[in-house]
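For reference, data-v7.txt is printed below; it contains compact mmCIF, C-alpha atoms.
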```
# COMPACT_ATOMS: atom_id res chain seq x y z
CA MET A 12 69.78 146.93 128.05
CA SER A 13 73.03 147.06 126.14
CA SER A 14 74.75 144.08 124.61
CA SER A 15 77.67 144.37 127.05
CA GLU A 16 75.33 144.12 130.02
CA ARG A 17 73.60 141.10 128.52
CA GLY A 18 77.02 139.52 127.93
CA SER A 19 78.07 140.15 131.53
CA GLU A 20 74.87 138.60 132.85
CA LYS A 21 75.36 135.63 130.60
CA ARG A 22 78.91 135.11 131.89
CA ASP A 23 77.72 135.45 135.49
CA ALA A 24 74.99 132.91 134.83
CA ALA A 25 77.49 130.55 133.18
CA LEU A 26 79.83 130.82 136.16
CA SER A 27 77.16 130.41 138.80
CA PRO A 28 77.26 127.15 140.79
CA ARG A 29 73.75 126.21 139.74
CA ALA A 30 74.44 126.61 136.01
CA ALA A 31 77.76 124.82 136.35
CA ARG A 32 76.04 121.95 138.13
CA VAL A 33 73.45 121.62 135.39
CA ARG A 34 76.08 121.65 132.70
CA LEU A 35 78.20 119.09 134.55
CA GLU A 36 75.19 116.84 135.03
CA GLU A 37 74.46 117.01 131.33
CA GLN A 38 78.05 116.17 130.42
CA LEU A 39 78.47 113.31 132.89
CA GLY A 40 74.90 112.05 132.69
CA ARG A 41 74.54 112.06 136.47
CA LEU A 42 72.01 113.74 138.74
CA ASP A 43 73.76 113.37 142.10
CA ILE A 44 76.46 116.04 141.57
CA THR A 45 77.20 117.84 144.80
CA GLU A 46 77.49 121.58 145.07
CA GLU A 47 81.19 121.31 145.89
CA GLU A 48 81.87 119.25 142.77
CA ALA A 49 79.89 121.64 140.64
CA THR A 50 81.73 124.75 141.84
CA PRO A 51 84.16 125.68 139.03
CA LEU A 52 87.63 127.12 139.34
CA VAL A 53 87.75 130.38 137.43
CA ILE A 54 91.06 130.83 135.55
CA ASP A 55 91.90 133.62 133.16
CA ASP A 56 94.28 131.73 130.88
CA ARG A 57 94.23 134.32 128.12
CA ASP A 58 97.68 135.53 127.16
CA GLU A 59 97.17 138.55 124.96
CA GLY A 60 100.85 139.44 124.72
CA ALA A 61 102.00 135.95 123.72
CA LYS A 62 103.45 135.29 120.31
CA GLN A 63 101.13 133.58 117.86
CA LYS A 64 101.78 129.89 117.39
CA TRP A 65 101.27 127.81 114.27
CA LEU A 66 100.52 124.30 115.46
CA VAL A 67 99.60 120.99 113.86
CA ALA A 68 98.87 117.70 115.62
CA GLY A 69 99.76 114.38 114.06
CA LYS A 70 99.46 110.67 114.67
CA VAL A 71 101.20 107.68 113.11
CA LEU A 72 98.81 104.84 112.27
CA HIS A 73 100.56 101.69 113.45
CA ARG A 74 99.93 98.99 116.02
CA HIS A 75 103.41 99.49 117.53
CA VAL A 76 104.56 102.58 119.39
CA PHE A 77 107.18 104.73 117.64
CA HIS A 78 109.68 106.73 119.63
CA ILE A 79 109.38 110.47 119.20
CA ASN A 80 112.95 110.63 117.85
CA THR A 81 112.01 108.15 115.12
CA ILE A 82 109.08 110.33 114.11
CA ILE A 83 111.20 113.48 114.15
CA SER A 84 114.01 111.94 112.09
CA ALA A 85 111.49 110.89 109.43
CA LEU A 86 109.34 114.03 109.23
CA ARG A 87 111.87 116.82 109.71
CA PRO A 88 113.79 116.18 106.45
CA ALA A 89 110.54 115.35 104.62
CA TRP A 90 109.12 118.74 105.63
CA GLY A 91 112.27 120.53 104.44
CA ASN A 92 113.67 121.17 107.94
CA PRO A 93 112.03 124.61 108.27
CA LYS A 94 113.51 127.09 110.68
CA GLY A 95 111.95 127.04 114.15
CA LEU A 96 110.28 123.63 113.77
CA GLU A 97 109.79 121.90 117.12
CA PHE A 98 108.17 118.60 118.09
CA ARG A 99 106.76 117.42 121.37
CA PRO A 100 105.09 114.07 122.17
CA GLU A 101 101.46 114.02 123.24
CA GLY A 102 100.77 110.30 123.61
CA GLU A 103 101.36 107.03 121.79
CA ASN A 104 102.42 107.82 118.23
CA THR A 105 100.92 111.29 118.73
CA PHE A 106 102.84 114.55 118.51
CA VAL A 107 102.40 118.30 118.13
CA ALA A 108 104.54 120.23 115.64
CA GLU A 109 105.07 123.97 116.09
CA PHE A 110 106.10 126.11 113.11
CA ALA A 111 107.64 129.55 113.06
CA THR A 112 105.50 130.82 110.19
CA ALA A 113 102.03 130.15 108.81
CA ARG A 114 103.56 129.50 105.40
CA ASP A 115 105.49 126.47 106.64
CA ARG A 116 102.44 125.15 108.46
CA ASP A 117 100.20 125.47 105.40
CA ARG A 118 102.81 123.88 103.14
CA VAL A 119 102.99 120.82 105.38
CA TRP A 120 99.22 120.69 105.73
CA ASN A 121 98.65 120.78 101.97
CA GLY A 122 101.53 118.41 101.22
CA SER A 123 100.07 115.28 102.77
CA PRO A 124 100.18 112.32 102.74
CA TRP A 125 103.24 111.98 104.96
CA HIS A 126 104.81 108.70 105.98
CA VAL A 127 106.88 107.23 108.80
CA SER A 128 108.30 103.97 107.47
CA LYS A 129 105.45 103.91 104.91
CA ASN A 130 102.88 104.21 107.70
CA ALA A 131 100.30 106.98 107.38
CA VAL A 132 100.67 110.20 109.38
CA ILE A 133 97.25 111.76 110.04
CA LEU A 134 97.31 115.53 110.62
CA ALA A 135 94.72 117.47 112.61
CA GLU A 136 94.20 121.10 113.53
CA PHE A 137 95.43 121.92 117.01
CA GLU A 138 95.12 124.71 119.54
CA ASP A 139 96.51 124.98 123.06
CA CYS A 140 93.02 125.33 124.55
CA MET A 141 91.88 121.93 123.23
CA LYS A 142 91.47 118.72 125.20
CA PRO A 143 93.35 115.62 124.07
CA SER A 144 89.98 113.87 123.66
CA GLU A 145 88.90 116.55 121.19
CA LEU A 146 91.61 115.66 118.70
CA ARG A 147 90.23 113.77 115.73
CA PHE A 148 92.66 111.80 113.59
CA ASP A 149 90.02 110.44 111.24
CA ARG A 150 90.79 112.02 107.86
CA ILE A 151 93.66 112.16 105.44
CA GLN A 152 94.11 114.12 102.24
CA LEU A 153 95.29 112.28 99.13
CA TRP A 154 95.67 112.84 95.42
CA ALA A 155 93.33 110.49 93.54
CA ARG A 156 93.44 109.58 89.85
CA VAL A 157 90.54 108.48 87.64
CA LEU A 158 91.88 106.42 84.75
CA ASN A 159 90.80 105.81 81.18
CA LEU A 160 88.19 108.54 80.95
CA LEU A 161 86.26 109.10 77.74
CA PHE A 162 87.70 111.79 75.52
CA ASN A 163 84.53 113.87 75.68
CA LEU A 164 84.60 113.67 79.51
CA ARG A 165 88.06 115.24 79.63
CA GLU A 166 86.59 118.69 79.18
CA LYS A 167 86.86 121.02 82.15
CA LYS A 168 83.12 121.14 82.83
CA TRP A 169 83.12 117.44 83.76
CA TRP A 170 86.14 117.48 86.07
CA LEU A 171 84.45 118.56 89.27
CA PRO A 172 81.36 116.29 89.00
CA ILE A 173 83.60 113.26 88.45
CA ALA A 174 85.92 114.20 91.35
CA ARG A 175 82.97 114.62 93.72
CA LYS A 176 82.02 111.01 93.14
CA ILE A 177 85.05 110.25 95.35
CA ASP A 178 84.79 113.23 97.72
CA LYS A 179 81.65 115.36 97.83
CA LYS A 180 83.68 118.37 99.05
CA ALA A 181 86.46 118.15 96.45
CA THR A 182 87.44 121.54 95.04
CA GLU A 183 90.96 121.10 93.62
CA VAL A 184 90.93 119.14 90.37
CA GLU A 185 92.98 119.05 87.17
CA PHE A 186 93.53 116.85 84.15
CA ASN A 187 96.95 115.44 83.29
CA ASN A 188 97.23 115.25 79.51
CA MET A 189 100.58 113.46 79.60
CA GLY A 190 99.29 110.70 81.85
CA GLY A 191 95.74 110.71 80.50
CA TYR A 192 93.96 110.75 83.89
CA LEU A 193 91.88 113.10 86.02
CA ARG A 194 93.67 114.20 89.20
CA ALA A 195 91.73 115.44 92.25
CA ARG A 196 92.56 116.36 95.84
CA VAL A 197 90.22 114.29 98.02
CA THR A 198 89.69 113.69 101.72
CA VAL A 199 89.48 110.04 102.74
CA GLU A 200 87.88 108.82 105.96
CA VAL A 201 90.34 106.57 107.78
CA ALA A 202 87.53 104.38 109.14
CA ASN A 203 86.13 103.73 105.64
CA PRO A 204 87.69 101.51 102.97
CA LEU A 205 89.39 103.10 100.00
CA ARG A 206 87.28 103.63 96.93
CA ARG A 207 88.43 101.41 94.09
CA CYS A 208 86.34 102.71 91.20
CA ILE A 209 83.52 105.00 90.11
CA VAL A 210 80.63 104.23 87.76
CA ILE A 211 79.49 106.66 85.07
CA GLU A 212 76.46 106.25 82.85
CA SER A 213 76.97 107.98 79.52
CA ALA A 214 73.91 108.99 77.49
CA ARG A 215 76.01 109.30 74.38
CA ARG A 216 77.48 105.82 74.69
CA GLN A 217 74.23 104.44 76.15
CA SER A 218 76.22 102.30 78.56
CA VAL A 219 77.43 102.17 82.14
CA ASP A 220 81.20 102.11 82.43
CA VAL A 221 83.51 101.47 85.38
CA TYR A 222 86.62 103.63 85.84
CA GLU A 223 89.46 102.63 88.14
CA VAL A 224 90.72 104.92 90.89
CA GLN A 225 94.33 105.13 92.08
CA TYR A 226 95.97 107.09 94.88
CA GLU A 227 99.34 108.81 94.77
CA GLN A 228 101.92 108.00 97.48
CA ILE A 229 99.35 106.13 99.51
CA PRO A 230 100.66 104.66 102.79
CA HIS A 231 100.29 101.05 103.86
CA PHE A 232 96.72 99.79 103.72
CA CYS A 233 94.96 96.48 104.23
CA PHE A 234 94.44 94.33 101.14
CA SER A 235 91.58 92.59 102.93
CA CYS A 236 89.35 95.47 104.11
CA GLY A 237 90.92 98.41 102.27
CA ARG A 238 91.54 100.57 105.36
CA LEU A 239 94.66 102.42 106.43
CA GLY A 240 96.68 101.63 109.53
CA HIS A 241 97.11 97.85 109.39
CA SER A 242 97.86 94.97 107.03
CA ASP A 243 95.78 91.98 106.02
CA LEU A 244 97.63 89.81 108.56
CA PHE A 245 96.16 91.86 111.43
CA CYS A 246 92.77 92.63 109.91
CA HIS A 247 89.69 92.10 112.10
CA ASN A 248 87.43 91.84 109.04
CA PRO A 249 89.21 89.48 106.66
CA GLY A 250 87.93 89.51 103.10
CA THR A 251 87.14 86.62 100.80
CA ARG A 252 89.68 85.59 98.18
CA ASP A 253 88.67 85.07 94.59
CA SER A 254 89.33 82.03 92.42
CA ASN A 255 92.90 83.21 91.82
CA GLY A 256 93.58 83.66 95.54
CA ASN A 257 93.60 87.48 95.40
CA LEU A 258 92.14 89.66 98.14
CA PRO A 259 89.51 92.33 97.38
CA TYR A 260 92.15 95.10 97.43
CA GLY A 261 95.63 95.10 95.99
CA LYS A 262 98.56 97.02 94.61
CA GLY A 263 96.43 98.37 91.80
CA LEU A 264 95.31 101.19 94.11
CA ARG A 265 98.85 102.58 94.20
CA ALA A 266 99.47 105.09 91.45
CA PRO A 267 102.75 104.42 89.60
CA ASP A 268 105.36 107.08 89.04
CA GLU A 269 104.84 109.22 86.00
CA LYS A 270 106.92 107.75 83.17
CA TRP A 271 107.38 111.02 81.32
CA LYS A 272 109.04 112.55 84.38
CA ASN A 273 111.44 109.62 84.74
CA SER A 274 112.35 109.68 81.05
CA TYR A 275 112.96 113.41 81.18
CA SER A 276 115.25 113.10 84.21
CA GLU A 277 117.17 110.22 82.63
CA GLY A 278 117.59 112.18 79.39
CA SER A 279 118.83 115.26 81.17
CA ASN A 280 121.28 113.23 83.23
CA GLY A 281 122.58 111.52 80.09
CA GLU A 282 123.12 114.79 78.31
CA GLN A 283 125.02 116.17 81.26
CA SER A 284 127.22 113.10 81.52
CA ASN A 285 128.02 113.18 77.79
CA SER A 286 128.91 116.84 77.93
CA LYS A 287 131.24 116.18 80.83
CA VAL A 288 132.99 113.40 78.95
CA GLU A 289 133.48 115.57 75.89
CA THR A 290 134.81 118.47 77.95
CA ARG A 291 137.26 116.23 79.76
CA SER A 292 138.58 114.67 76.57
CA SER A 293 138.95 118.03 74.83
CA SER A 294 140.97 119.44 77.71
CA ASN A 295 143.38 116.53 77.81
CA ALA A 296 144.55 116.46 74.23
CA ASP A 297 144.42 118.63 71.16
CA GLY A 298 143.98 117.62 67.55
CA ASN A 299 147.68 116.84 66.99
CA GLY A 300 147.78 114.23 69.72
CA THR A 301 149.94 116.24 72.11
CA GLU A 302 148.72 116.76 75.64
CA ALA A 303 147.67 120.31 76.52
CA THR A 304 147.05 121.99 79.85
CA SER A 305 144.64 124.78 80.75
CA PRO A 306 146.04 128.25 81.54
CA LEU A 307 146.59 129.33 85.10
CA LYS A 308 143.55 130.72 86.89
CA LYS A 309 143.58 134.31 88.08
CA ASN A 310 141.74 135.85 90.97
CA SER A 311 139.52 138.94 90.91
CA ARG A 312 142.59 141.27 91.03
CA GLY A 313 144.01 139.84 87.83
CA THR A 314 147.05 138.25 89.52
CA LEU A 315 147.94 134.60 89.75
CA ASN A 316 147.02 132.61 92.79
CA LYS A 317 149.70 132.24 95.45
CA ARG A 318 149.84 128.50 95.10
CA LYS A 319 150.52 128.79 91.36
CA ALA A 320 152.35 132.12 91.28
CA GLY A 321 155.69 130.80 90.02
CA ALA A 322 154.33 127.92 88.01
CA GLN A 323 154.66 127.84 84.26
CA THR A 324 152.66 126.02 81.70
CA GLN A 325 154.33 122.69 81.02
CA TYR A 326 153.87 120.54 77.99
CA TYR A 327 154.53 116.83 77.97
CA ARG A 328 155.35 114.95 74.80
CA LYS A 329 155.85 111.31 74.29
CA VAL A 330 159.57 110.32 74.19
CA GLN A 331 160.58 107.47 71.89
CA PRO A 332 163.42 105.29 73.28
CA PRO A 333 166.56 105.26 71.04
CA PRO A 334 167.40 102.03 69.22
CA LEU A 335 170.23 99.84 70.49
CA MET A 336 173.60 101.01 69.09
CA ILE A 337 175.31 97.72 68.11
CA ALA A 338 178.05 97.88 65.50
CA PRO A 339 177.69 95.22 62.85
CA THR A 340 180.60 92.74 62.65
CA ALA A 341 181.51 90.34 59.85
CA PHE A 342 181.85 86.57 60.39
CA ASN A 343 185.48 85.38 60.63
CA PRO A 344 186.07 81.56 60.78
CA GLU A 345 189.67 82.04 62.13
CA ASP A 346 188.21 83.48 65.37
CA MET A 347 186.26 80.27 65.96
CA ILE A 348 189.40 78.16 65.48
CA GLN A 349 191.37 80.25 67.99
CA ASP A 350 188.56 79.96 70.56
CA GLN A 351 188.51 76.17 70.16
CA GLN A 352 192.29 75.92 70.64
CA GLY A 353 192.08 78.02 73.79
CA GLU A 354 189.49 75.70 75.29
CA ASN A 355 191.65 72.62 74.54
CA ASP A 356 194.69 74.19 76.21
CA ALA A 357 192.65 74.91 79.34
CA VAL A 358 191.53 71.28 79.53
CA GLU A 359 195.11 69.97 79.26
CA GLU A 360 196.27 72.28 82.04
CA THR A 361 193.63 70.94 84.41
CA LYS A 362 194.70 67.37 83.71
CA GLY A 363 198.26 68.02 84.89
CA LEU A 364 197.22 69.39 88.30
CA GLU A 365 197.45 67.11 91.36
CA PRO A 366 194.25 66.42 93.29
CA ASP A 367 193.66 68.36 96.44
CA PRO A 368 194.23 66.12 99.51
CA LYS A 369 191.51 67.95 101.51
CA LYS A 370 188.95 67.39 98.84
CA LYS A 371 186.39 64.77 99.83
CA ARG A 372 186.60 61.55 97.92
CA PRO A 373 183.49 60.52 96.01
CA THR A 374 181.36 57.82 97.55
CA PRO A 375 181.73 54.49 95.74
CA THR A 376 178.62 53.23 94.06
CA ASN A 377 179.23 49.45 94.31
CA SER A 378 178.75 47.48 97.51
CA GLU A 379 182.20 45.84 97.07
CA ASN A 380 183.91 49.18 97.16
CA LEU A 381 182.08 50.14 100.36
CA ALA A 382 184.14 47.69 102.43
CA GLU A 383 187.42 48.93 100.96
CA ALA A 384 186.43 52.51 101.70
CA ALA A 385 185.69 51.59 105.33
CA GLU A 386 189.17 49.94 105.84
CA GLN A 387 191.10 52.87 104.49
CA PRO A 388 191.76 55.64 106.97
CA CYS A 389 190.70 59.18 106.31
CA GLN A 390 193.45 61.40 104.81
CA ASP A 391 192.78 64.11 107.42
CA GLN A 392 193.89 61.70 110.16
```

Starting from the file, lay out its structure as C-alpha cells.
Amino acid sequence: MSSSERGSEKRDAALSPRAARVRLEEQLGRLDITEEEATPLVIDDRDEGAKQKWLVAGKVLHRHVFHINTIISALRPAWGNPKGLEFRPEGENTFVAEFATARDRDRVWNGSPWHVSKNAVILAEFEDCMKPSELRFDRIQLWARVLNLLFNLREKKWWLPIARKIDKKATEVEFNNMGGYLRARVTVEVANPLRRCIVIESARRQSVDVYEVQYEQIPHFCFSCGRLGHSDLFCHNPGTRDSNGNLPYGKGLRAPDEKWKNSYSEGSNGEQSNSKVETRSSSNADGNGTEATSPLKKNSRGTLNKRKAGAQTQYYRKVQPPPLMIAPTAFNPEDMIQDQQGENDAVEETKGLEPDPKKKRPTPTNSENLAEAAEQPCQDQ
C-alpha cells in the first residue's frame, strides 16, 4: 500500500464520527458525548493563493486595560513606523501586528524588550490557524550583564558557560571591553523572579565569588518578588525588608546607560557647536573690523537667483558723528553791562503801566481785611 493511500485512510479515520467522538472525549474529559456533538464540520480553510503574512502577537503586562490606540501610538514610532504595519486588538491589552516583510518582523522580534509607558510588552509567535487559548505570553528576551568578572574569565572560551548560568539556551554573547562586563541575550520566564546574581567557584582563586547581574532597558518589575507586570504595592507575595528597610529587589537590577557613549555624544555635539560659532563669527567680520557679506549664490545654470538678480554686494561701515561746530567767542565785560541795563529799563516800564481792571484782585491774608473786601463791590458790577 502506498503512502498516499495510508494518508487518505488516516484522514478518513480522523474525520469519522467515532474517532472524532473519542478525541472530543479525551479533550473534554467526558464520556457522555452524543453522536451529534461528536460529528465534526469539515471546512477546507486553506488559502493557497493568499499572500504570505508576517504576524506577531503581543500583550502589555499591566493590571489596567490599555486602549489599542495607546498601544499603537507607543509601539509604531518605537518600531520605526515600517511600511504596511497594521495592528488589530485581540483582547485585553492583547494585539496582533502584521508586517509587510519578514525583515521588519524579525527586527522587532530581536529588538525586545519593548515598553508601553515602561510596562513590558511580551511578544509571541502567531498564526491565523491558532486558538486564542494557545497563545503563550510567558517569556521575554532581555540583554543581561555580568559585572566585575575576573580578568582570566574574560576570555572567549568562558563567555558561553557563564551566560548559560542565566539562560541554559543562551547563544548570543559578547564581552564589552569599554564597560568591563559580559553581555548575553537571555530569555526570562515572566512567572519566575529575575536573577540577581550568579556564583562561580574558581580553582585558581580557590574561592567562591558572587557576580551581580543587571538587565538593559528592563520594564517595570516588583521590588518585592522580582517579577514583571506589577509593582510591590500590588504584589501577592510581599517580601521581607532588611534592617535598612530595603526590599529583596531594587534599582540595582537596571543597567545604567553606557558612560562612554554619552561622553562621545556630548563631545561631538560640543565640537559641532564650536565650529558653528567660529563660522558665524568669521562670516560677520574680517580682520580689519569691517563687516563683510558673503557673495551671491548661483544656481546650477551659473546665473543669479531671481530674488537676488539685481542685488549688489553692500558693505556697511561704522559712521562717526561729526563734532559740534561752535565758534569760540572771547569774554567781553561791556556786553554784560548792556544786558543789565536792558533788564532795568524793562522793569521801569512795567512800573508805569496801570493795573488791568479785569484782573482779579488778590485775596487778603488777614482776617481784618476780609470784612473790607466783602463790603466793597466787585469792579465788574

- Item | Coordinates-based distance that separates atom CA of A:Gly69 from atom CA of A:Leu205 (Å, one decimal) |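 The value is 20.8 Å.
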
- Message: Calculated over all atoms listed in the file, which of the candidates A:Ser235, A:Arg216, A:Gly91, A:Leu96 has the smallest distance to A:Thr251?
- Response: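 Of the candidates, the smallest distance to A:Thr251 is held by A:Ser235.
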
- Message: Show me, as JSON, numbers by chain, the residues that have an atom within 8 Å of A:Gln225 when counting all atoms listed in the file, minus same-chain residues fewer than 3 positions from it.
- Response: {"A": [155, 156, 157, 158, 207, 263, 264, 265, 266]}

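Rounded to one decimal, atom CA of A:Thr81 and atom CA of A:Ile229 lie 20.2 Å from each other.
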
- In Å and to one decimal, atom CA of A:Glu166 is distant from atom CA of A:Val219 by 19.1 Å

- Item | Counting only C-alpha atoms, the option among A:Asn104, A:Ser254, A:Asn187, A:Ser123 closest to A:Arg165 |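 Distance minimum relative to A:Arg165 lands on A:Asn187.
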
- Excluding stretch 139-147 of chain A and residues on its chain fewer than 5 positions from it, collect all residues at most 10 Å away from it, counting only C-alpha atoms, and give them as a ChimeraX atom specification. /A:56-57,64,66,68-70,101-102,133-134

- Would you kindly return, as a ChimeraX atom specification, each protein, DNA or RNA residue with an atom no farther than 8 Å from any atom of A:Leu239, considering only C-alpha atoms and excluding same-chain residues fewer than 5 positions away? /A:72,131,201-202,204,230-233

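Of the residues under consideration (A:Leu171, A:Val76, A:Leu258, A:Val132), A:Leu258 shows the shortest atom-to-atom contact distance to A:Ser242 when counting all atoms listed in the file.
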
- Find the residues around A:Leu160 up to 12 Å (all atoms listed in the file counted), leave out those fewer than 2 positions away in its own chain, and share them as an NGL selection string. :A and (156-158 or 162-166 or 169-170 or 173 or 186-188 or 190-194 or 208-211 or 213 or 220-224)

- Message: List the spatial neighbours of A:Glu97 as a PyMOL selection string - criterion: any atom at most 9 Å away, all atoms listed in the file, same-chain residues fewer than 3 positions off excluded.
- Response: chain A and resi 107-111

- When distances are computed from only C-alpha atoms, which of A:Phe148, A:Thr112, A:Val184, A:His247 shows the smallest separation from A:Lys62? A:Thr112

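Counting only C-alpha atoms and comparing A:Val53, A:Arg74, A:His126, A:Arg196, the residue that lies closest to A:Cys246 is A:Arg74.
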
- Task: Have a look at A:Glu269, A:Tyr260, A:Trp154, A:Ile177 and name the one nearest to A:Met189; count all atoms listed in the file.
- Result: A:Glu269
